[in-house]
Structure formats: C-alpha cells, structure tokens
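Shown next: model-v8.tsv, given as TSV, C-alpha atoms.
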chain	number	residue	atom	x	y	z
I	102	MET	CA	0.00	0.00	0.00
I	103	THR	CA	1.41	3.38	-0.99
I	104	SER	CA	1.69	6.26	1.47
I	105	LYS	CA	-1.16	8.07	-0.36
I	106	ASN	CA	-3.44	5.04	-0.09
I	107	LEU	CA	-2.49	4.62	3.57
I	108	GLY	CA	-3.49	8.22	4.22
I	109	ARG	CA	-6.82	7.75	2.45
I	110	ALA	CA	-7.54	4.51	4.33
I	111	THR	CA	-6.62	6.07	7.68
I	112	LEU	CA	-8.88	9.06	7.08
I	113	ALA	CA	-11.77	6.86	5.92
I	114	ALA	CA	-11.47	4.49	8.91
I	115	LEU	CA	-10.90	7.23	11.51
I	116	PRO	CA	-14.55	8.10	12.32
I	117	SER	CA	-15.61	4.47	12.78
I	118	VAL	CA	-12.58	3.72	14.97
I	119	LEU	CA	-13.24	6.78	17.13
I	120	ALA	CA	-16.94	5.94	17.44
I	121	LEU	CA	-16.07	2.35	18.43
I	122	LEU	CA	-13.56	3.46	21.06
I	123	VAL	CA	-15.99	5.97	22.58
I	124	ASP	CA	-18.79	3.40	22.67
I	125	LEU	CA	-16.55	0.77	24.29
I	126	VAL	CA	-15.23	3.16	26.93
I	127	LEU	CA	-18.74	4.30	27.83
I	128	TYR	CA	-20.00	0.70	27.92
I	129	VAL	CA	-17.26	-0.32	30.36
I	130	THR	CA	-18.08	2.75	32.47
I	131	VAL	CA	-21.81	2.00	32.87
I	132	LYS	CA	-22.08	-1.78	32.35
I	133	ASP	CA	-22.70	-2.42	36.09
I	134	ARG	CA	-25.72	-0.11	35.95
I	135	LEU	CA	-27.38	-1.82	32.96
I	136	PRO	CA	-30.26	-4.32	33.25
I	137	ALA	CA	-29.58	-7.93	32.29
I	138	ARG	CA	-31.48	-7.43	29.03
I	139	PRO	CA	-31.17	-3.81	27.83
I	140	ALA	CA	-33.90	-2.40	25.61
I	141	VAL	CA	-32.47	-2.00	22.08
I	142	HIS	CA	-35.50	-1.61	19.82
I	143	PHE	CA	-38.29	0.94	20.02
I	144	ASP	CA	-41.45	1.61	18.03
I	145	ALA	CA	-42.35	4.84	16.22
I	146	GLY	CA	-43.54	6.39	19.49
I	147	GLY	CA	-40.36	5.52	21.38
I	148	SER	CA	-41.84	2.65	23.43
I	149	THR	CA	-39.68	-0.41	24.02
I	150	ASN	CA	-40.46	-3.49	21.93
I	151	GLY	CA	-37.13	-5.37	21.69
I	152	TYR	CA	-34.36	-6.53	24.02
I	153	LEU	CA	-30.89	-8.09	23.87
I	154	GLY	CA	-28.56	-9.56	26.47
I	155	SER	CA	-25.74	-7.24	27.53
I	156	THR	CA	-23.09	-9.33	25.75
I	157	ALA	CA	-25.15	-9.60	22.56
I	158	HIS	CA	-25.76	-5.85	22.66
I	159	LEU	CA	-22.02	-5.21	22.93
I	160	LEU	CA	-21.29	-7.59	20.03
I	161	CYS	CA	-23.89	-5.86	17.85
I	162	THR	CA	-22.35	-2.47	18.63
I	163	VAL	CA	-18.84	-3.65	17.76
I	164	THR	CA	-19.97	-5.45	14.60
I	165	SER	CA	-21.99	-2.50	13.32
I	166	LEU	CA	-19.10	-0.07	13.66
I	167	LEU	CA	-16.56	-2.51	12.23
I	168	VAL	CA	-18.74	-3.08	9.17
I	169	LEU	CA	-19.03	0.67	8.75
I	170	GLY	CA	-15.23	0.82	9.05
I	171	ALA	CA	-15.01	-1.29	5.87
I	172	TRP	CA	-15.66	2.10	4.23
I	173	ALA	CA	-11.86	2.46	4.35
I	174	PHE	CA	-11.34	-0.51	2.03
I	175	THR	CA	-13.66	0.99	-0.58
I	176	ALA	CA	-11.97	4.37	-0.27
I	177	VAL	CA	-8.67	2.75	-1.31
I	178	ASN	CA	-9.82	0.03	-3.72
I	179	GLY	CA	-13.21	1.28	-4.91
I	180	LYS	CA	-11.74	3.51	-7.64
I	181	LEU	CA	-13.41	6.68	-6.43
I	182	TYR	CA	-12.02	9.78	-8.09
I	183	GLY	CA	-11.94	13.49	-7.34
I	184	ARG	CA	-15.16	14.89	-5.90
I	185	ALA	CA	-16.73	11.43	-5.56
I	186	HIS	CA	-13.87	10.40	-3.26
I	187	ARG	CA	-14.31	13.49	-1.05
I	188	TRP	CA	-18.06	12.98	-0.70
I	189	PHE	CA	-17.45	9.30	0.03
I	190	ILE	CA	-15.15	10.23	2.92
I	191	GLY	CA	-17.73	12.73	4.17
I	192	GLY	CA	-20.40	10.03	4.02
I	193	GLY	CA	-18.24	7.77	6.18
I	194	PHE	CA	-17.89	10.50	8.80
I	195	ALA	CA	-21.63	11.19	8.73
I	196	GLY	CA	-22.55	7.50	9.03
I	197	ALA	CA	-20.16	6.94	11.96
I	198	ALA	CA	-21.46	9.99	13.82
I	199	PHE	CA	-25.12	9.03	13.28
I	200	LEU	CA	-24.72	5.37	14.24
I	201	GLY	CA	-22.23	6.06	17.03
I	202	TYR	CA	-24.49	8.61	18.70
I	203	LEU	CA	-27.60	6.41	18.50
I	204	LEU	CA	-25.72	3.47	20.01
I	205	ILE	CA	-24.57	5.67	22.88
I	206	ALA	CA	-28.10	7.06	23.32
I	207	VAL	CA	-29.58	3.55	23.50
I	208	LEU	CA	-26.92	2.60	26.03
I	209	PHE	CA	-27.64	5.55	28.32
I	210	VAL	CA	-31.44	5.26	28.30
I	211	ASN	CA	-30.85	1.82	29.84
I	212	VAL	CA	-28.64	3.09	32.66
I	213	ASP	CA	-30.38	2.35	36.00
I	214	ALA	CA	-33.49	1.24	34.09
I	215	PRO	CA	-35.54	-1.65	35.51
I	216	GLU	CA	-36.01	-4.94	33.68
I	217	GLY	CA	-38.50	-4.35	30.87
I	218	GLY	CA	-36.87	-1.20	29.59
I	219	PRO	CA	-36.74	2.47	30.52
I	220	ALA	CA	-39.99	3.92	31.81
I	221	ASP	CA	-39.89	6.82	29.36
I	222	GLY	CA	-38.83	4.69	26.40
I	223	PHE	CA	-36.47	6.23	23.86
I	224	PRO	CA	-36.81	10.04	23.54
I	225	LEU	CA	-37.21	10.76	19.84
I	226	GLY	CA	-35.21	13.95	20.23
I	227	HIS	CA	-32.11	11.74	20.09
I	228	ILE	CA	-32.79	11.12	16.40
I	229	ALA	CA	-32.71	14.84	15.67
I	230	VAL	CA	-29.43	15.15	17.58
I	231	ALA	CA	-28.00	12.17	15.65
I	232	LEU	CA	-28.95	13.78	12.34
I	233	GLY	CA	-27.33	17.05	13.41
I	234	ALA	CA	-24.17	15.21	14.45
I	235	ALA	CA	-24.12	13.43	11.09
I	236	ALA	CA	-24.40	16.72	9.19
I	237	VAL	CA	-21.55	18.32	11.15
I	238	ALA	CA	-19.34	15.23	10.93
I	239	GLY	CA	-20.01	14.85	7.19
I	240	ALA	CA	-18.97	18.44	6.52
I	241	LEU	CA	-15.85	17.90	8.63
I	242	GLY	CA	-15.03	14.75	6.68
I	243	VAL	CA	-15.28	16.57	3.35
I	244	LEU	CA	-12.95	19.29	4.65
I	245	LEU	CA	-10.43	16.80	6.06
I	246	SER	CA	-10.46	14.82	2.80
I	247	ARG	CA	-8.65	17.77	1.23
I	248	LEU	CA	-5.63	16.92	3.37
I	249	VAL	CA	-4.97	13.80	1.27
I	250	PRO	CA	-4.79	13.82	-2.54
I	251	ALA	CA	-7.87	12.33	-4.18
I	252	PRO	CA	-7.24	9.60	-6.79
I	253	GLU	CA	-7.19	10.83	-10.36
I	254	GLY	CA	-9.65	9.49	-12.89
I	255	PRO	CA	-8.64	7.01	-15.58
I	256	ARG	CA	-9.42	9.27	-18.51
I	257	GLY	CA	-6.93	11.44	-20.25
I	258	GLY	CA	-4.55	11.44	-23.16
I	259	ASP	CA	-5.36	11.94	-26.82
I	260	ALA	CA	-8.98	11.82	-27.88
I	261	PRO	CA	-9.82	8.54	-29.64
I	262	VAL	CA	-10.69	8.45	-33.32
I	263	ARG	CA	-14.45	8.17	-33.58
I	264	GLU	CA	-15.62	5.27	-35.70
I	265	ARG	CA	-18.29	5.45	-38.41
I	266	ILE	CA	-20.55	3.00	-40.19
I	267	ALA	CA	-20.56	3.26	-43.97
I	268	LEU	CA	-24.02	3.98	-45.35
I	269	ALA	CA	-24.98	4.48	-48.98
I	270	ASP	CA	-26.69	7.69	-50.03
I	271	GLY	CA	-30.32	7.52	-48.99
I	272	GLU	CA	-29.78	4.39	-46.90
I	273	VAL	CA	-31.63	4.38	-43.57
I	274	ALA	CA	-30.27	2.57	-40.50
I	275	GLY	CA	-31.22	2.11	-36.88
I	276	TRP	CA	-29.80	0.26	-33.88
I	277	THR	CA	-31.42	-0.97	-30.67
I	278	ARG	CA	-30.33	-3.02	-27.67
I	279	GLY	CA	-31.87	-4.04	-24.36
I	280	ILE	CA	-30.03	-3.12	-21.17
I	281	GLY	CA	-31.41	-5.38	-18.49
I	282	ALA	CA	-30.27	-4.75	-14.90
I	283	TRP	CA	-30.19	-7.61	-12.39
I	284	TRP	CA	-30.99	-5.23	-9.52
I	285	ALA	CA	-34.10	-3.67	-11.09
I	286	PRO	CA	-36.53	-6.53	-10.22
I	287	ILE	CA	-35.14	-6.55	-6.69
I	288	ALA	CA	-35.71	-2.80	-6.39
I	289	VAL	CA	-39.30	-3.26	-7.60
I	290	LEU	CA	-39.96	-5.93	-4.95
I	291	VAL	CA	-38.34	-3.83	-2.21
I	292	PHE	CA	-40.37	-0.71	-3.09
I	293	LEU	CA	-43.55	-2.78	-3.44
I	294	ALA	CA	-43.09	-4.55	-0.10
I	295	ALA	CA	-42.13	-1.30	1.63
I	296	GLY	CA	-45.13	0.53	0.17
I	297	VAL	CA	-47.64	-2.14	1.24
I	298	THR	CA	-46.08	-2.50	4.69
I	299	VAL	CA	-45.88	1.23	5.37
I	300	GLY	CA	-49.38	1.77	3.99
I	301	ARG	CA	-50.95	-0.92	6.17
I	302	GLU	CA	-48.96	-0.30	9.33
I	303	GLN	CA	-48.49	3.48	9.23
I	304	SER	CA	-50.22	5.54	6.53
I	305	TRP	CA	-51.12	5.18	2.87
I	306	PHE	CA	-50.05	8.80	2.51
I	307	LEU	CA	-46.49	7.45	2.96
I	308	GLY	CA	-47.07	4.10	1.28
I	309	VAL	CA	-48.45	5.32	-2.06
I	310	PRO	CA	-45.24	7.18	-3.09
I	311	LEU	CA	-43.29	3.96	-2.52
I	312	LEU	CA	-45.77	2.06	-4.71
I	313	LEU	CA	-45.35	4.71	-7.43
I	314	LEU	CA	-41.57	4.24	-7.22
I	315	ALA	CA	-42.14	0.50	-7.66
I	316	LEU	CA	-44.18	1.20	-10.81
I	317	VAL	CA	-41.48	3.48	-12.26
I	318	ALA	CA	-38.78	0.92	-11.46
I	319	ALA	CA	-40.89	-1.83	-13.08
I	320	THR	CA	-41.07	0.07	-16.37
I	321	PHE	CA	-37.26	0.11	-16.46
I	322	CYS	CA	-36.65	-3.53	-15.61
I	323	ARG	CA	-35.75	-4.03	-19.28
I	324	PRO	CA	-35.06	-0.60	-20.84
I	325	HIS	CA	-34.05	-0.26	-24.48
I	326	VAL	CA	-31.52	1.99	-26.16
I	327	THR	CA	-32.36	3.14	-29.69
I	328	VAL	CA	-30.18	5.03	-32.17
I	329	ASP	CA	-31.85	6.46	-35.28
I	330	ARG	CA	-32.17	9.70	-37.26
I	331	ARG	CA	-33.73	11.41	-34.21
I	332	GLY	CA	-30.69	10.69	-32.01
I	333	LEU	CA	-30.51	8.51	-28.90
I	334	THR	CA	-33.56	7.29	-26.95
I	335	VAL	CA	-33.64	5.30	-23.71
I	336	SER	CA	-37.14	4.01	-22.93
I	337	GLY	CA	-38.82	1.47	-20.68
I	338	LEU	CA	-41.88	-0.71	-21.09
I	339	LEU	CA	-44.17	2.36	-21.16
I	340	PRO	CA	-43.94	5.41	-23.45
I	341	ARG	CA	-43.09	7.56	-20.45
I	342	PRO	CA	-40.77	8.20	-18.73
I	343	ARG	CA	-38.01	8.15	-21.34
I	344	VAL	CA	-34.74	9.95	-22.05
I	345	ARG	CA	-34.03	11.39	-25.51
I	346	VAL	CA	-30.86	13.12	-26.70
I	347	PRO	CA	-31.41	14.65	-30.19
I	348	LEU	CA	-28.61	14.86	-32.74
I	349	GLU	CA	-28.67	18.66	-32.47
I	350	ARG	CA	-27.27	18.43	-28.94
I	351	MET	CA	-24.40	16.06	-29.83
I	352	GLU	CA	-20.77	16.66	-30.72
I	353	GLY	CA	-19.87	12.99	-31.14
I	354	ALA	CA	-20.12	9.53	-29.60
I	355	ASP	CA	-17.58	7.02	-28.27
I	356	SER	CA	-17.51	3.65	-26.54
I	357	HIS	CA	-15.87	3.64	-23.09
I	358	HIS	CA	-15.66	1.49	-19.99
I	359	VAL	CA	-17.34	3.35	-17.11
I	360	ASN	CA	-17.29	2.80	-13.35
I	361	ALA	CA	-20.82	3.24	-12.01
I	362	LEU	CA	-19.83	4.18	-8.45
I	363	ALA	CA	-16.71	6.22	-9.15
I	364	GLU	CA	-17.92	8.23	-12.14
I	365	PHE	CA	-21.67	8.43	-11.52
I	366	GLY	CA	-22.08	7.79	-7.81
I	367	GLY	CA	-24.35	4.76	-8.22
I	368	TRP	CA	-26.89	3.14	-10.52
I	369	GLY	CA	-30.05	4.25	-12.29
I	370	TYR	CA	-30.62	7.66	-13.89
I	371	ARG	CA	-27.66	9.68	-12.63
I	372	VAL	CA	-26.93	13.42	-12.80
I	373	ARG	CA	-23.47	14.70	-11.87
I	374	PRO	CA	-21.82	18.12	-12.36
I	375	GLU	CA	-19.90	16.99	-15.45
I	376	ARG	CA	-22.06	14.17	-16.79
I	377	SER	CA	-25.36	12.34	-16.63
I	378	GLY	CA	-26.60	8.99	-17.86
I	379	VAL	CA	-28.59	5.81	-17.48
I	380	ILE	CA	-26.21	3.52	-15.60
I	381	THR	CA	-27.24	-0.06	-14.86
I	382	ARG	CA	-23.75	-1.48	-14.18
I	383	SER	CA	-20.05	-0.83	-14.51
I	384	GLY	CA	-18.65	-1.75	-17.91
I	385	GLU	CA	-19.14	-0.99	-21.58
I	386	ALA	CA	-21.09	2.21	-22.29
I	387	MET	CA	-21.96	4.58	-25.09
I	388	VAL	CA	-20.66	8.02	-24.08
I	389	ILE	CA	-21.96	11.05	-25.97
I	390	SER	CA	-20.17	14.40	-25.92
I	391	LEU	CA	-22.78	17.15	-25.86
I	392	THR	CA	-22.56	20.64	-27.32
I	393	SER	CA	-22.92	22.01	-23.77
I	394	GLY	CA	-19.58	20.45	-22.80
I	395	ARG	CA	-21.19	17.73	-20.68
I	396	GLU	CA	-21.39	13.98	-21.34
I	397	PHE	CA	-24.33	11.59	-21.44
I	398	ALA	CA	-23.63	7.88	-20.97
I	399	VAL	CA	-25.70	4.73	-21.16
I	400	THR	CA	-24.34	1.30	-20.30
I	401	VAL	CA	-25.18	-1.14	-23.07
I	402	HIS	CA	-23.61	-4.08	-24.89
I	403	ASP	CA	-22.22	-3.47	-28.40
I	404	SER	CA	-21.94	0.22	-27.56
I	405	ALA	CA	-19.23	0.68	-30.22
I	406	THR	CA	-21.75	-0.07	-32.99
I	407	GLY	CA	-24.32	2.34	-31.58
I	408	ALA	CA	-21.68	5.08	-31.18
I	409	ALA	CA	-20.40	4.55	-34.75
I	410	LEU	CA	-23.92	4.85	-36.18
I	411	LEU	CA	-24.51	8.06	-34.20
I	412	ASN	CA	-21.30	9.55	-35.62
I	413	THR	CA	-22.42	8.65	-39.14
I	414	LEU	CA	-25.84	10.22	-38.57
I	415	LEU	CA	-24.15	13.33	-37.16
I	416	ASP	CA	-21.98	13.60	-40.29
I	417	ARG	CA	-25.08	13.38	-42.46
I	418	GLN	CA	-26.83	16.09	-40.50
I	419	ARG	CA	-23.85	18.43	-40.70
I	420	THR	CA	-23.45	17.96	-44.46
I	421	GLY	CA	-27.20	18.15	-45.06
I	422	ARG	CA	-27.37	14.80	-46.85
Could I get this structure in the form of structure tokens?
Amino acid sequence: MTSKNLGRATLAALPSVLALLVDLVLYVTVKDRLPARPAVHFDAGGSTNGYLGSTAHLLCTVTSLLVLGAWAFTAVNGKLYGRAHRWFIGGGFAGAAFLGYLLIAVLFVNVDAPEGGPADGFPLGHIAVALGAAAVAGALGVLLSRLVPAPEGPRGGDAPVRERIALADGEVAGWTRGIGAWWAPIAVLVFLAAGVTVGREQSWFLGVPLLLLALVAATFCRPHVTVDRRGLTVSGLLPRPRVRVPLERMEGADSHHVNALAEFGGWGYRVRPERSGVITRSGEAMVISLTSGREFAVTVHDSATGAALLNTLLDRQRTGR
C-alpha cells in the first residue's frame, strides 16, 4: 500500500474507529448499571419493543461499527475519483457519527433502568441530535479529505478516433439493444413490499409514493436503447418516462468502460456536475459528448456499434445529406 493510499484509508477508517472506542469506553463505564437485558428496539412512538442480552448488545455495537469501518477498504480500492472520493469520505464521517451517537443514546437510556426497559422509552429527540451530528461530521469529513490527494480518474490522453458506419446515399439505418439490470426486479420488490407495509402499518399517505416508485422501477426492468435519425432514446416498457438526446445536442459519440460508483455515484438515472446517464452497471457504455460540454452515458452491450452509427448520422446532419 502506498503512502497516499495509507493516508486515504486512515482518514476513511478514523470516524468508525473513534466511534467504536468511545462506545466501548462508555459501555465499560456504565455496564454495572445496565439491566440484564437492555432495551435495544423501540417503536415509532419511542416505546420499548425489543431486548438483547448485555453481551449480545455489545457484540452488535462492535460489529456494526466494524462493518461501517469497511468504508476504508472501498476508499482505497473502490476507484473513487476526485469529488466522488471526497463525498465518500464525508459520508463515512456522517454515518459513523449518526450510528455512534444512537448506540450511545440507546446505552444511556438503559442506565439504572428496571427490567423491561426504561420507563420513558427512547426520547425521539435523540434522532434529531443524531442527524445534526451526522451533518456536522459529514462536513468535517469533506474538509479533512482535502488533506490527502484524491485519486485521479482514468481518462486522459489523446482523444480517440471516432468510428463510423458506412451507409450508402439515402440508406436508412437504426440500432437498438436491451439493457437489463439484475438489480431492477429486486428494487421493484423492495419498493412494493415497503409501500404495502408502510401503507398498512403506518399511513397510505407514505405508502403510495413507494408504490409509485415501484411502478417506475418496473417500467425500467428491461429498458431499451435506440439510435436512429432522431438521435438517442432510452425508454422502458411504457412510453413515459423516457430519455431522448437529439442529434442537435451532440458533438460525437464514443464507446468507453465506465465505473458506475466512481464516475456516476451509483446506478439508475444519474446526474453529476460533469455528466449524466442511465447507468445499470459498470462496464461498456456509449458516451456522448454534448454541445454544452457535458457527457451523457448509457451502459449497453455493443456500444461501439451504436456510437459509430450516431457519428455517421451526425456527419449526415452536418453535411445536409
């Protein structure tokens, strides 16, 4: 591991390590004042509805913070570049502060509490404090991330020669491919289950938006990418929603390998300061340079053919043929 990577890993792991140490010290300090089975789970009103033995509670605390500490491994090996790396570090700080505070709060509401949980339950004000701590810690993490150099992106060097497809005068051509995503059906099921559960147990005012998200995700379980004389279109099973990039907005098209997390911050329809796109995975993608100076990308197999056809159609438009 290089000194730069060591610095990045240390910074990324720091908040989780500090939160773990603080939690352990406080646990040792008050463990003799805890009930045999501390209350660890509370309902929406703060009333106790779940318990764990003291040892199991300690193991859960340690495991949770150690898993969060794995953030450091991703910071070094996850190929996060520039601004994405800084926000990733900030997210680690925010997550450690939020989880660390809540674990401490749960610990202290059990101090001197009788068996069966604290009489007043879990004050919900602790959640607001945890969110505030997360916001402050996240901002601090972003600032501290400037102390170590962020990894540089893989792009650079001479611009590649853009390929074309030979078409005879008057010949019409189109290209289409499906871009299935393995996670899309899972997302549909998660949103659907969450919507029904929240609607039945809490409120349909909260459940219906989740069901609508399930419907939108379902339409994009098997989206299609189409290249024709109108430009590029990404559509789902229904006519709407869809994404269309007309030829008038394009400078040219290439085929690149993209990293979903590092370059776009995740999966789905992504919008970043320098680029946007429909990203279903890391790998082969059609990347379009726009006249605005931005890029639009869509991950799809045989992207080189689609990009070459777009370049040919752009040539035709510019020459008026």
Computed interatomic separation between atom CA of Leu312 of chain I and atom CA of Ala294 of chain I (Å): 8.5 Å
So what do you get for atom CA of Leu316 of chain I versus atom CA of Gly300 of chain I, distance-wise? 15.7 Å
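The spacing separating atom CA of Pro347 of chain I from atom CA of Ser393 of chain I amounts to 12.9 Å.
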What lies within 7 Å of Ala197 of chain I using all atoms listed in the file, ignoring chain neighbours under 6 positions off, as a ChimeraX atom specification? /I:116-117,120
Can you pull out every residue within 10 Å of segment 261-270 of chain I, counting all atoms listed in the file, but drop anything in the same chain fewer than 5 positions away, and send it as a short mmCIF file (atom, residue, chain, number, x, y, z; two decimals) with C-alpha atoms, in the coordinates of the input?
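result_4.cif, written as the output of this step:
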data_model
loop_
_atom_site.label_atom_id
_atom_site.label_comp_id
_atom_site.auth_asym_id
_atom_site.auth_seq_id
_atom_site.Cartn_x
_atom_site.Cartn_y
_atom_site.Cartn_z
CA GLY I 353 -19.87 12.99 -31.14
CA ALA I 354 -20.12 9.53 -29.60
CA ASP I 355 -17.58 7.02 -28.27
CA SER I 356 -17.51 3.65 -26.54
CA ALA I 405 -19.23 0.68 -30.22
CA THR I 406 -21.75 -0.07 -32.99
CA GLY I 407 -24.32 2.34 -31.58
CA ALA I 408 -21.68 5.08 -31.18
CA ALA I 409 -20.40 4.55 -34.75
CA LEU I 410 -23.92 4.85 -36.18
CA LEU I 411 -24.51 8.06 -34.20
CA ASN I 412 -21.30 9.55 -35.62
CA THR I 413 -22.42 8.65 -39.14
CA LEU I 414 -25.84 10.22 -38.57
CA LEU I 415 -24.15 13.33 -37.16
CA ASP I 416 -21.98 13.60 -40.29
CA ARG I 417 -25.08 13.38 -42.46
CA ARG I 422 -27.37 14.80 -46.85
#
In the coordinates of the file, take the point (-18.1, 21.6, -20.4) and a cut-off of 12 Å; then, counting all atoms listed in the file, name each qualifying protein, DNA or RNA residue as an mmCIF file with C-alpha atoms, in the frame of the given file.
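What ended up in selection.cif:
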data_model
loop_
_atom_site.group_PDB
_atom_site.id
_atom_site.type_symbol
_atom_site.label_atom_id
_atom_site.label_comp_id
_atom_site.auth_asym_id
_atom_site.auth_seq_id
_atom_site.Cartn_x
_atom_site.Cartn_y
_atom_site.Cartn_z
ATOM 1 C CA GLU I 352 -20.770 16.660 -30.720
ATOM 2 C CA PRO I 374 -21.820 18.120 -12.360
ATOM 3 C CA GLU I 375 -19.900 16.990 -15.450
ATOM 4 C CA ARG I 376 -22.060 14.170 -16.790
ATOM 5 C CA SER I 390 -20.170 14.400 -25.920
ATOM 6 C CA LEU I 391 -22.780 17.150 -25.860
ATOM 7 C CA THR I 392 -22.560 20.640 -27.320
ATOM 8 C CA SER I 393 -22.920 22.010 -23.770
ATOM 9 C CA GLY I 394 -19.580 20.450 -22.800
ATOM 10 C CA ARG I 395 -21.190 17.730 -20.680
ATOM 11 C CA GLU I 396 -21.390 13.980 -21.340
ATOM 12 C CA PHE I 397 -24.330 11.590 -21.440
#
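Near segment 198-211 of chain I, within 7 Å and counting all atoms listed in the file, sit Ala120, Asp124, Leu135, Pro139, Ala140, Val141, Thr162, Phe194, Gly218, Pro219, Phe223, His227, Ala231, Leu232, Ala234, Ala235 and Ala238 of chain I, not including residues fewer than 4 positions from it in the same chain.
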Would you mind telling me which residue in I:Asn360, I:Thr327, I:Ser377, I:Ser155 lies nearest to Val131 of chain I when using all atoms listed in the file? I:Ser155
Nearest residue to Thr334 of chain I from the set I:Gly275, I:Gly151, I:Gly296, I:Gly226 (distances using only C-alpha atoms):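 Looking at the shortest contact to Thr334 of chain I, the residue is I:Gly275.
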Return the single residue from I:Arg323, I:His358, I:Arg187, I:His402 that is closest to Ser383 of chain I, with distances computed using only C-alpha atoms.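 Result for the nearest residue to Ser383 of chain I: I:His358.
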I need the residue nearest Leu225 of chain I from this list: I:Ala386, I:Gly147, I:His186, I:Ser246. Use all atoms listed in the file for the distance.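 So, comparing all the options, the nearest one is I:Gly147.
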At most 6 Å from (-30.8, 5.1, -36.0), file frame, only C-alpha atoms: which residues, as a PDB file with C-alpha atoms, in the frame of the given file?
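And here's selection-v8.pdb as it stands now:
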ATOM      1  CA  ALA I 274     -30.270   2.570 -40.500  1.00  0.00           C
ATOM      2  CA  GLY I 275     -31.220   2.110 -36.880  1.00  0.00           C
ATOM      3  CA  TRP I 276     -29.800   0.260 -33.880  1.00  0.00           C
ATOM      4  CA  VAL I 328     -30.180   5.030 -32.170  1.00  0.00           C
ATOM      5  CA  ASP I 329     -31.850   6.460 -35.280  1.00  0.00           C
ATOM      6  CA  ARG I 330     -32.170   9.700 -37.260  1.00  0.00           C
TER       7      ARG I 330
END
Using only C-alpha atoms, which of the listed residues (I:Leu153, I:Arg382, I:Arg373, I:Val346) sits closest to Glu216 of chain I? I:Leu153
For each of I:Ile287, I:Ile280, I:Leu166, I:Val317, take the minimum atom-to-atom distance to Asp403 of chain I, counting all atoms listed in the file, then give the residue where this is smallest.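 The closest residue to Asp403 of chain I is I:Ile280.
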Atoms are missing here; could segment 293-299 of chain I be completed with all heavy atoms and written as an mmCIF file, in the coordinates of the input?
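File produced: selection25.cif:
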data_model
loop_
_atom_site.group_PDB
_atom_site.id
_atom_site.type_symbol
_atom_site.label_atom_id
_atom_site.label_comp_id
_atom_site.auth_asym_id
_atom_site.auth_seq_id
_atom_site.Cartn_x
_atom_site.Cartn_y
_atom_site.Cartn_z
ATOM 1 N N LEU I 293 -42.189 -2.270 -3.555
ATOM 2 C CA LEU I 293 -43.550 -2.780 -3.440
ATOM 3 C C LEU I 293 -43.835 -3.253 -2.016
ATOM 4 O O LEU I 293 -44.864 -2.903 -1.415
ATOM 5 C CB LEU I 293 -43.757 -3.924 -4.436
ATOM 6 C CG LEU I 293 -45.176 -4.516 -4.525
ATOM 7 C CD1 LEU I 293 -46.149 -3.451 -4.982
ATOM 8 C CD2 LEU I 293 -45.185 -5.695 -5.493
ATOM 9 N N ALA I 294 -42.910 -4.048 -1.462
ATOM 10 C CA ALA I 294 -43.090 -4.550 -0.100
ATOM 11 C C ALA I 294 -43.099 -3.406 0.913
ATOM 12 O O ALA I 294 -43.924 -3.384 1.838
ATOM 13 C CB ALA I 294 -41.981 -5.546 0.242
ATOM 14 N N ALA I 295 -42.192 -2.443 0.713
ATOM 15 C CA ALA I 295 -42.130 -1.300 1.630
ATOM 16 C C ALA I 295 -43.407 -0.477 1.550
ATOM 17 O O ALA I 295 -43.945 -0.029 2.577
ATOM 18 C CB ALA I 295 -40.919 -0.440 1.319
ATOM 19 N N GLY I 296 -43.919 -0.261 0.329
ATOM 20 C CA GLY I 296 -45.130 0.530 0.170
ATOM 21 C C GLY I 296 -46.336 -0.120 0.836
ATOM 22 O O GLY I 296 -47.113 0.554 1.523
ATOM 23 N N VAL I 297 -46.499 -1.430 0.633
ATOM 24 C CA VAL I 297 -47.640 -2.140 1.240
ATOM 25 C C VAL I 297 -47.510 -2.157 2.757
ATOM 26 O O VAL I 297 -48.478 -1.911 3.492
ATOM 27 C CB VAL I 297 -47.729 -3.570 0.676
ATOM 28 C CG1 VAL I 297 -48.780 -4.375 1.431
ATOM 29 C CG2 VAL I 297 -48.060 -3.533 -0.815
ATOM 30 N N THR I 298 -46.291 -2.425 3.237
ATOM 31 C CA THR I 298 -46.080 -2.500 4.690
ATOM 32 C C THR I 298 -46.309 -1.151 5.358
ATOM 33 O O THR I 298 -47.030 -1.054 6.363
ATOM 34 C CB THR I 298 -44.650 -2.986 4.991
ATOM 35 O OG1 THR I 298 -44.447 -4.267 4.388
ATOM 36 C CG2 THR I 298 -44.426 -3.083 6.489
ATOM 37 N N VAL I 299 -45.713 -0.108 4.792
ATOM 38 C CA VAL I 299 -45.880 1.230 5.370
ATOM 39 C C VAL I 299 -47.335 1.671 5.276
ATOM 40 O O VAL I 299 -47.881 2.271 6.209
ATOM 41 C CB VAL I 299 -44.947 2.241 4.669
ATOM 42 C CG1 VAL I 299 -45.266 3.665 5.108
ATOM 43 C CG2 VAL I 299 -43.490 1.918 4.969
#
